[in-house]
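S.K.: Quick one, run_30.cif (mmCIF, C-alpha atoms):
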data_data
loop_
_atom_site.group_PDB
_atom_site.id
_atom_site.type_symbol
_atom_site.label_atom_id
_atom_site.label_comp_id
_atom_site.auth_asym_id
_atom_site.auth_seq_id
_atom_site.Cartn_x
_atom_site.Cartn_y
_atom_site.Cartn_z
ATOM 1 C CA MET Z 264 99.549 135.344 73.861
ATOM 2 C CA LYS Z 265 96.583 137.677 74.007
ATOM 3 C CA ALA Z 266 93.019 137.488 72.745
ATOM 4 C CA TYR Z 267 91.024 140.502 71.633
ATOM 5 C CA MET Z 268 87.310 141.005 71.047
ATOM 6 C CA THR Z 269 85.109 143.818 69.877
ATOM 7 C CA ASN Z 270 81.562 144.250 68.622
ATOM 8 C CA GLY Z 271 80.091 146.113 65.671
ATOM 9 C CA THR Z 272 78.284 145.755 62.400
ATOM 10 C CA LEU Z 273 79.514 143.077 60.052
ATOM 11 C CA ASP Z 274 80.314 145.639 57.324
ATOM 12 C CA PHE Z 275 82.428 147.679 59.743
ATOM 13 C CA LEU Z 276 84.221 144.663 61.220
ATOM 14 C CA LEU Z 277 84.987 143.140 57.818
ATOM 15 C CA GLN Z 278 87.062 146.215 57.040
ATOM 16 C CA LEU Z 279 89.514 144.876 59.632
ATOM 17 C CA ASN Z 280 90.544 142.167 57.174
ATOM 18 C CA ASP Z 281 91.717 144.804 54.691
ATOM 19 C CA LYS Z 282 93.319 147.089 57.274
ATOM 20 C CA HIS Z 283 95.110 144.343 59.195
ATOM 21 C CA PRO Z 284 95.992 141.387 56.948
ATOM 22 C CA GLU Z 285 98.582 140.268 59.514
ATOM 23 C CA HIS Z 286 95.749 139.023 61.777
ATOM 24 C CA HIS Z 287 93.154 136.310 61.300
ATOM 25 C CA PHE Z 288 89.802 137.534 62.570
ATOM 26 C CA TYR Z 289 86.969 135.225 63.568
ATOM 27 C CA PHE Z 290 83.500 136.671 63.138
ATOM 28 C CA MET Z 291 80.631 135.342 65.209
ATOM 29 C CA GLU Z 292 76.994 136.294 65.587
ATOM 30 C CA HIS Z 293 74.796 136.394 68.702
ATOM 31 C CA ASN Z 294 71.246 137.754 68.415
ATOM 32 C CA ALA Z 295 72.126 139.814 65.305
ATOM 33 C CA ASN Z 296 75.188 141.277 67.068
ATOM 34 C CA ILE Z 297 78.602 140.566 65.548
ATOM 35 C CA THR Z 298 81.751 139.940 67.573
ATOM 36 C CA ALA Z 299 85.234 139.939 66.063
ATOM 37 C CA TYR Z 300 87.868 137.828 67.843
ATOM 38 C CA TYR Z 301 91.555 137.314 67.183
ATOM 39 C CA GLU Z 302 94.699 136.144 68.962
ATOM 40 C CA SER Z 303 98.098 137.812 68.805
ATOM 41 C CA ASP Z 304 101.222 138.597 70.759
ATOM 42 C CA LYS Z 305 101.034 142.190 69.508
ATOM 43 C CA LYS Z 306 99.063 145.203 70.734
ATOM 44 C CA THR Z 307 95.347 145.288 69.900
ATOM 45 C CA VAL Z 308 94.137 146.858 66.672
ATOM 46 C CA PHE Z 309 90.712 147.613 68.179
ATOM 47 C CA VAL Z 310 89.960 151.161 69.268
ATOM 48 C CA SER Z 311 87.226 149.884 71.560
ATOM 49 C CA GLY Z 312 87.303 146.296 72.712
ATOM 50 C CA ARG Z 313 88.142 143.755 75.366
ATOM 51 C CA ASP Z 314 91.658 142.434 75.955
ATOM 52 C CA TYR Z 315 92.516 139.087 77.541
ATOM 53 C CA ASP Z 316 95.536 137.004 78.437
ATOM 54 C CA ILE Z 317 95.177 133.438 77.176
ATOM 55 C CA ILE Z 318 95.834 131.407 80.328
ATOM 56 C CA ALA Z 319 95.052 127.931 78.968
ATOM 57 C CA GLN Z 320 94.212 126.655 75.502
ATOM 58 C CA ASP Z 321 93.542 123.534 73.518
ATOM 59 C CA GLY Z 322 92.644 122.912 69.888
ATOM 60 C CA HIS Z 323 92.504 125.361 67.006
ATOM 61 C CA MET Z 324 89.919 128.051 66.344
ATOM 62 C CA ARG Z 325 88.081 127.670 63.039
ATOM 63 C CA ASP Z 326 86.040 129.910 60.778
ATOM 64 C CA ASP Z 327 82.991 127.653 61.053
ATOM 65 C CA GLY Z 328 81.000 126.214 63.914
ATOM 66 C CA TYR Z 329 79.391 127.184 67.160
ATOM 67 C CA VAL Z 330 81.015 129.124 70.015
ATOM 68 C CA VAL Z 331 80.027 129.241 73.667
ATOM 69 C CA MET Z 332 81.481 131.904 75.954
ATOM 70 C CA ASN Z 333 80.927 131.365 79.646
ATOM 71 C CA ASN Z 334 81.575 134.722 81.338
ATOM 72 C CA ILE Z 335 82.622 134.170 84.951
ATOM 73 C CA PRO Z 336 83.322 137.048 87.362
ATOM 74 C CA VAL Z 337 86.048 135.825 89.750
ATOM 75 C CA THR Z 338 87.213 137.515 92.952
ATOM 76 C CA GLU Z 339 90.827 138.703 92.943
ATOM 77 C CA GLU Z 340 91.769 136.316 95.747
ATOM 78 C CA GLY Z 341 90.038 133.431 93.948
ATOM 79 C CA GLN Z 342 91.791 133.900 90.604
ATOM 80 C CA PRO Z 343 94.746 131.544 91.276
ATOM 81 C CA VAL Z 344 92.392 128.713 92.338
ATOM 82 C CA PHE Z 345 90.088 129.329 89.374
ATOM 83 C CA GLU Z 346 92.955 129.391 86.857
ATOM 84 C CA ASP Z 347 94.583 126.289 88.333
ATOM 85 C CA ARG Z 348 91.333 124.339 88.017
ATOM 86 C CA PHE Z 349 91.201 125.038 84.275
ATOM 87 C CA LYS Z 350 94.911 124.536 83.644
ATOM 88 C CA LYS Z 351 94.619 121.023 85.071
ATOM 89 C CA SER Z 352 91.716 120.215 82.774
ATOM 90 C CA GLU Z 353 92.593 122.046 79.531
ATOM 91 C CA LYS Z 354 93.196 118.805 77.602
ATOM 92 C CA ARG Z 355 90.095 117.133 79.037
ATOM 93 C CA MET Z 356 87.983 117.831 75.956
ATOM 94 C CA GLN Z 357 90.173 115.991 73.461
ATOM 95 C CA GLY Z 358 88.199 113.252 71.781
ATOM 96 C CA VAL Z 359 84.787 114.755 72.518
ATOM 97 C CA PRO Z 360 82.778 114.551 69.262
ATOM 98 C CA GLY Z 361 82.425 117.930 67.537
ATOM 99 C CA TYR Z 362 84.872 119.723 69.848
ATOM 100 C CA TYR Z 363 87.232 122.204 68.132
ATOM 101 C CA ALA Z 364 88.872 124.505 70.669
ATOM 102 C CA PHE Z 365 89.072 125.783 74.242
ATOM 103 C CA ARG Z 366 90.443 129.044 75.620
ATOM 104 C CA LEU Z 367 90.586 130.333 79.191
ATOM 105 C CA LEU Z 368 90.784 134.117 78.901
ATOM 106 C CA ARG Z 369 91.809 136.338 81.831
ATOM 107 C CA PRO Z 370 90.662 139.943 81.443
ATOM 108 C CA THR Z 371 93.357 142.613 81.450
ATOM 109 C CA ARG Z 372 90.743 144.926 83.029
ATOM 110 C CA GLY Z 373 87.976 143.807 85.343
ATOM 111 C CA LEU Z 374 87.208 140.447 86.933
ATOM 112 C CA THR Z 375 85.200 138.589 84.278
ATOM 113 C CA TYR Z 376 87.024 135.640 82.768
ATOM 114 C CA VAL Z 377 85.795 134.021 79.563
ATOM 115 C CA VAL Z 378 85.768 130.263 79.108
ATOM 116 C CA LEU Z 379 85.469 129.904 75.342
ATOM 117 C CA THR Z 380 84.706 126.604 73.641
ATOM 118 C CA GLN Z 381 84.174 126.085 69.935
ATOM 119 C CA TRP Z 382 82.183 123.220 68.450
ATOM 120 C CA ALA Z 383 81.365 121.934 64.971
ATOM 121 C CA ARG Z 384 77.635 122.346 65.620
ATOM 122 C CA LYS Z 385 75.254 123.401 68.380
ATOM 123 C CA ALA Z 386 74.065 119.789 68.552
ATOM 124 C CA ASP Z 387 77.609 118.687 69.512
ATOM 125 C CA TYR Z 388 77.683 121.205 72.363
ATOM 126 C CA ASP Z 389 74.193 120.174 73.510
ATOM 127 C CA LYS Z 390 75.166 116.504 73.462
ATOM 128 C CA TRP Z 391 78.270 117.248 75.547
ATOM 129 C CA THR Z 392 76.288 119.256 78.150
ATOM 130 C CA SER Z 393 73.969 116.287 78.690
ATOM 131 C CA SER Z 394 76.843 113.786 78.977
ATOM 132 C CA PRO Z 395 78.256 112.160 82.122
ATOM 133 C CA HIS Z 396 81.606 113.768 81.158
ATOM 134 C CA PHE Z 397 80.071 117.251 81.525
ATOM 135 C CA SER Z 398 78.330 116.339 84.786
ATOM 136 C CA ALA Z 399 81.584 115.068 86.275
ATOM 137 C CA ALA Z 400 83.487 118.185 85.197
ATOM 138 C CA HIS Z 401 80.894 120.455 86.813
ATOM 139 C CA ALA Z 402 79.975 118.316 89.837
ATOM 140 C CA ASP Z 403 81.320 120.839 92.351
ATOM 141 C CA GLN Z 404 79.022 123.544 90.923
ATOM 142 C CA GLN Z 405 75.796 121.504 90.888
ATOM 143 C CA THR Z 406 74.813 122.265 94.481
ATOM 144 C CA LYS Z 407 76.361 125.677 95.137
ATOM 145 C CA GLN Z 408 78.234 128.481 93.436
ATOM 146 C CA PRO Z 409 82.016 128.349 94.079
ATOM 147 C CA ALA Z 410 83.262 130.829 96.665
ATOM 148 C CA TYR Z 411 85.581 132.487 94.130
ATOM 149 C CA PHE Z 412 82.679 133.702 91.954
ATOM 150 C CA ALA Z 413 82.338 137.472 92.359
ATOM 151 C CA ASP Z 414 78.881 137.455 90.713
ATOM 152 C CA ARG Z 415 76.634 135.151 88.699
ATOM 153 C CA PRO Z 416 78.226 133.772 85.531
ATOM 154 C CA PHE Z 417 76.414 134.243 82.236
ATOM 155 C CA VAL Z 418 76.718 132.442 78.924
ATOM 156 C CA ASN Z 419 76.653 133.754 75.346
ATOM 157 C CA HIS Z 420 76.145 131.454 72.361
ATOM 158 C CA TYR Z 421 77.439 132.353 68.891
ATOM 159 C CA HIS Z 422 77.338 130.967 65.383
ATOM 160 C CA MET Z 423 80.363 131.700 63.260
ATOM 161 C CA VAL Z 424 79.431 134.022 60.400
ATOM 162 C CA ASP Z 425 78.953 131.924 57.265
ATOM 163 C CA PHE Z 426 80.310 133.896 54.324
ATOM 164 C CA ASP Z 427 79.274 131.168 51.874
ATOM 165 C CA GLU Z 428 75.616 131.315 52.879
ATOM 166 C CA ASP Z 429 73.255 132.554 50.173
ATOM 167 C CA ASP Z 430 70.729 135.182 51.231
#
Take the structure from the file and write it as structure tokens.
M.R.:
Amino acid sequence: MKAYMTNGTLDFLLQLNDKHPEHHFYFMEHNANITAYYESDKKTVFVSGRDYDIIAQDGHMRDDGYVVMNNIPVTEEGQPVFEDRFKKSEKRMQGVPGYYAFRLLRPTRGLTYVVLTQWARKADYDKWTSSPHFSAAHADQQTKQPAYFADRPFVNHYHMVDFDEDD
């Protein structure tokens, strides 16, 4: 299975729903920028976008909530170790309050993986990041950056676009 993302204006990206009814697009906003995301075993419908292999997954994506994408550049030689770490822990989040979904996305071009988690609310994500569960899961990264990191990771936070919201 593959995952695809692209950015654009909401009006432009919403046209994807009409042009490609065979796909379910998720629309998320970050600092007034809109990202469209979908999963498929078919070729991408985006002219310009980012393509990923879904290496590990848990839960189901939803049209509502809060999404966190941790972008982690990984050296080529470190990729098997990095992927194995996440494959062993992909079901670890089950039962965490407010947790919806997890995806480990390997880029088809480049070295930057995306660790995507989706939550019911930002408060649920914040509560998890201050929990002992989170600390234990990230204990090896508290003192130093893992050797397989090719560069500094960066995180993007998104709110799913609320189409029911009144302006």
S.K.: Using Å and a single decimal, report how far CA of Lys306 (chain Z) sits from CA of Val418 (chain Z).
M.R.: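 Computing it gives 27.0 Å between the two atoms.
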S.K.: Taking the file as I've supplied it (selection: the PyMOL selection byres ((chain Z and resi 291) around 7)), which residues are included? Please answer as a VMD selection string.
M.R.: chain Z and resid 289 to 290 292 to 293 297 to 299 421 to 424
S.K.: Please identify all polymer residues within 8 Å of Leu367 (chain Z), counting all atoms listed in the file, omitting same-chain residues fewer than 2 positions from it, and present them as a list in words.
M.R.: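 Selected residues are Ile317, Ile318, Ala319, Gln320, Phe349, Phe365, Arg369, Tyr376, Val377, Val378 and Leu379 of chain Z.
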S.K.: For Gln381 (chain Z), which residue among Z:Tyr329, Z:Phe397, Z:Tyr301, Z:Phe309 is the nearest when counting all atoms listed in the file?
M.R.: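 Of Z:Tyr329, Z:Phe397, Z:Tyr301, Z:Phe309, the one nearest Gln381 (chain Z) is Z:Tyr329, counting all atoms listed in the file.
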S.K.: Just to confirm, what's the straight-line distance from CA of His287 (chain Z) to CA of Arg366 (chain Z) in Å (one decimal)?
M.R.: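 Answer for the CA of His287 (chain Z) to CA of Arg366 (chain Z) separation: 16.3 Å.
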S.K.: For Val310 (chain Z), which residue among Z:Val359, Z:Leu276, Z:Met264, Z:Met324 is the nearest when counting only C-alpha atoms?
M.R.: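 Going through Z:Val359, Z:Leu276, Z:Met264, Z:Met324 one by one, the smallest distance to Val310 (chain Z) is for Z:Leu276.
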S.K.: Residues within 7 Å of (83.7, 145.8, 69.0), file coordinates, counting all atoms listed in the file: what are they? Give the list as a ChimeraX atom specification.
M.R.: /Z:268-271,298-299,311-312
S.K.: Can you measure CA of Asn419 (chain Z) to CA of Val331 (chain Z) for me? One decimal in Å is fine.
M.R.: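 Distance reported for this atom pair: 5.9 Å.
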S.K.: Which residue gives the smallest distance to Trp391 (chain Z) among Z:Arg415, Z:Gly358, Z:His420, Z:Val344, with only C-alpha atoms counted?
M.R.: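 Closest candidate: Z:Gly358.
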S.K.: Supply region 268-291 of chain Z as a PDB file, in the coordinates of the input, with N, CA and C atoms built in where the input has gaps.
M.R.:
ATOM      1  N   MET Z 268      88.673 141.049  71.567  1.00  0.00           N
ATOM      2  CA  MET Z 268      87.310 141.005  71.047  1.00  0.00           C
ATOM      3  C   MET Z 268      86.740 142.409  70.965  1.00  0.00           C
ATOM      4  N   THR Z 269      85.877 142.591  69.980  1.00  0.00           N
ATOM      5  CA  THR Z 269      85.109 143.818  69.877  1.00  0.00           C
ATOM      6  C   THR Z 269      83.803 143.494  69.167  1.00  0.00           C
ATOM      7  N   ASN Z 270      82.871 144.421  69.252  1.00  0.00           N
ATOM      8  CA  ASN Z 270      81.562 144.250  68.622  1.00  0.00           C
ATOM      9  C   ASN Z 270      81.319 145.374  67.635  1.00  0.00           C
ATOM     10  N   GLY Z 271      80.457 145.101  66.658  1.00  0.00           N
ATOM     11  CA  GLY Z 271      80.091 146.113  65.671  1.00  0.00           C
ATOM     12  C   GLY Z 271      79.257 145.500  64.567  1.00  0.00           C
ATOM     13  N   THR Z 272      79.017 146.289  63.546  1.00  0.00           N
ATOM     14  CA  THR Z 272      78.284 145.755  62.400  1.00  0.00           C
ATOM     15  C   THR Z 272      79.228 144.887  61.581  1.00  0.00           C
ATOM     16  N   LEU Z 273      78.676 143.954  60.861  1.00  0.00           N
ATOM     17  CA  LEU Z 273      79.514 143.077  60.052  1.00  0.00           C
ATOM     18  C   LEU Z 273      80.290 143.875  59.008  1.00  0.00           C
ATOM     19  N   ASP Z 274      79.629 144.831  58.337  1.00  0.00           N
ATOM     20  CA  ASP Z 274      80.314 145.639  57.324  1.00  0.00           C
ATOM     21  C   ASP Z 274      81.518 146.371  57.914  1.00  0.00           C
ATOM     22  N   PHE Z 275      81.333 146.954  59.096  1.00  0.00           N
ATOM     23  CA  PHE Z 275      82.428 147.679  59.743  1.00  0.00           C
ATOM     24  C   PHE Z 275      83.556 146.727  60.127  1.00  0.00           C
ATOM     25  N   LEU Z 276      83.200 145.594  60.742  1.00  0.00           N
ATOM     26  CA  LEU Z 276      84.221 144.663  61.220  1.00  0.00           C
ATOM     27  C   LEU Z 276      84.974 143.979  60.085  1.00  0.00           C
ATOM     28  N   LEU Z 277      84.305 143.761  58.955  1.00  0.00           N
ATOM     29  CA  LEU Z 277      84.987 143.140  57.818  1.00  0.00           C
ATOM     30  C   LEU Z 277      86.098 144.018  57.261  1.00  0.00           C
ATOM     31  N   GLN Z 278      86.006 145.308  57.482  1.00  0.00           N
ATOM     32  CA  GLN Z 278      87.062 146.215  57.040  1.00  0.00           C
ATOM     33  C   GLN Z 278      88.391 145.913  57.742  1.00  0.00           C
ATOM     34  N   LEU Z 279      88.302 145.249  58.902  1.00  0.00           N
ATOM     35  CA  LEU Z 279      89.514 144.876  59.632  1.00  0.00           C
ATOM     36  C   LEU Z 279      90.404 143.950  58.803  1.00  0.00           C
ATOM     37  N   ASN Z 280      89.767 143.081  58.024  1.00  0.00           N
ATOM     38  CA  ASN Z 280      90.544 142.167  57.174  1.00  0.00           C
ATOM     39  C   ASN Z 280      91.443 142.922  56.213  1.00  0.00           C
ATOM     40  N   ASP Z 281      90.930 144.005  55.634  1.00  0.00           N
ATOM     41  CA  ASP Z 281      91.717 144.804  54.691  1.00  0.00           C
ATOM     42  C   ASP Z 281      92.774 145.645  55.398  1.00  0.00           C
ATOM     43  N   LYS Z 282      92.403 146.212  56.549  1.00  0.00           N
ATOM     44  CA  LYS Z 282      93.319 147.089  57.274  1.00  0.00           C
ATOM     45  C   LYS Z 282      94.434 146.336  57.988  1.00  0.00           C
ATOM     46  N   HIS Z 283      94.146 145.101  58.382  1.00  0.00           N
ATOM     47  CA  HIS Z 283      95.110 144.343  59.195  1.00  0.00           C
ATOM     48  C   HIS Z 283      95.260 142.910  58.685  1.00  0.00           C
ATOM     49  N   PRO Z 284      95.850 142.738  57.511  1.00  0.00           N
ATOM     50  CA  PRO Z 284      95.992 141.387  56.948  1.00  0.00           C
ATOM     51  C   PRO Z 284      96.928 140.480  57.757  1.00  0.00           C
ATOM     52  N   GLU Z 285      97.672 141.061  58.684  1.00  0.00           N
ATOM     53  CA  GLU Z 285      98.582 140.268  59.514  1.00  0.00           C
ATOM     54  C   GLU Z 285      97.839 139.454  60.582  1.00  0.00           C
ATOM     55  N   HIS Z 286      96.550 139.726  60.776  1.00  0.00           N
ATOM     56  CA  HIS Z 286      95.749 139.023  61.777  1.00  0.00           C
ATOM     57  C   HIS Z 286      94.659 138.195  61.110  1.00  0.00           C
ATOM     58  N   HIS Z 287      94.301 137.108  61.754  1.00  0.00           N
ATOM     59  CA  HIS Z 287      93.154 136.310  61.300  1.00  0.00           C
ATOM     60  C   HIS Z 287      91.998 136.578  62.261  1.00  0.00           C
ATOM     61  N   PHE Z 288      90.962 137.199  61.759  1.00  0.00           N
ATOM     62  CA  PHE Z 288      89.802 137.534  62.570  1.00  0.00           C
ATOM     63  C   PHE Z 288      88.742 136.456  62.438  1.00  0.00           C
ATOM     64  N   TYR Z 289      88.107 136.148  63.542  1.00  0.00           N
ATOM     65  CA  TYR Z 289      86.969 135.225  63.568  1.00  0.00           C
ATOM     66  C   TYR Z 289      85.732 136.064  63.845  1.00  0.00           C
ATOM     67  N   PHE Z 290      84.730 135.894  63.011  1.00  0.00           N
ATOM     68  CA  PHE Z 290      83.500 136.671  63.138  1.00  0.00           C
ATOM     69  C   PHE Z 290      82.376 135.754  63.582  1.00  0.00           C
ATOM     70  N   MET Z 291      81.707 136.161  64.666  1.00  0.00           N
ATOM     71  CA  MET Z 291      80.631 135.342  65.209  1.00  0.00           C
ATOM     72  C   MET Z 291      79.413 136.197  65.516  1.00  0.00           C
TER      73      MET Z 291
END
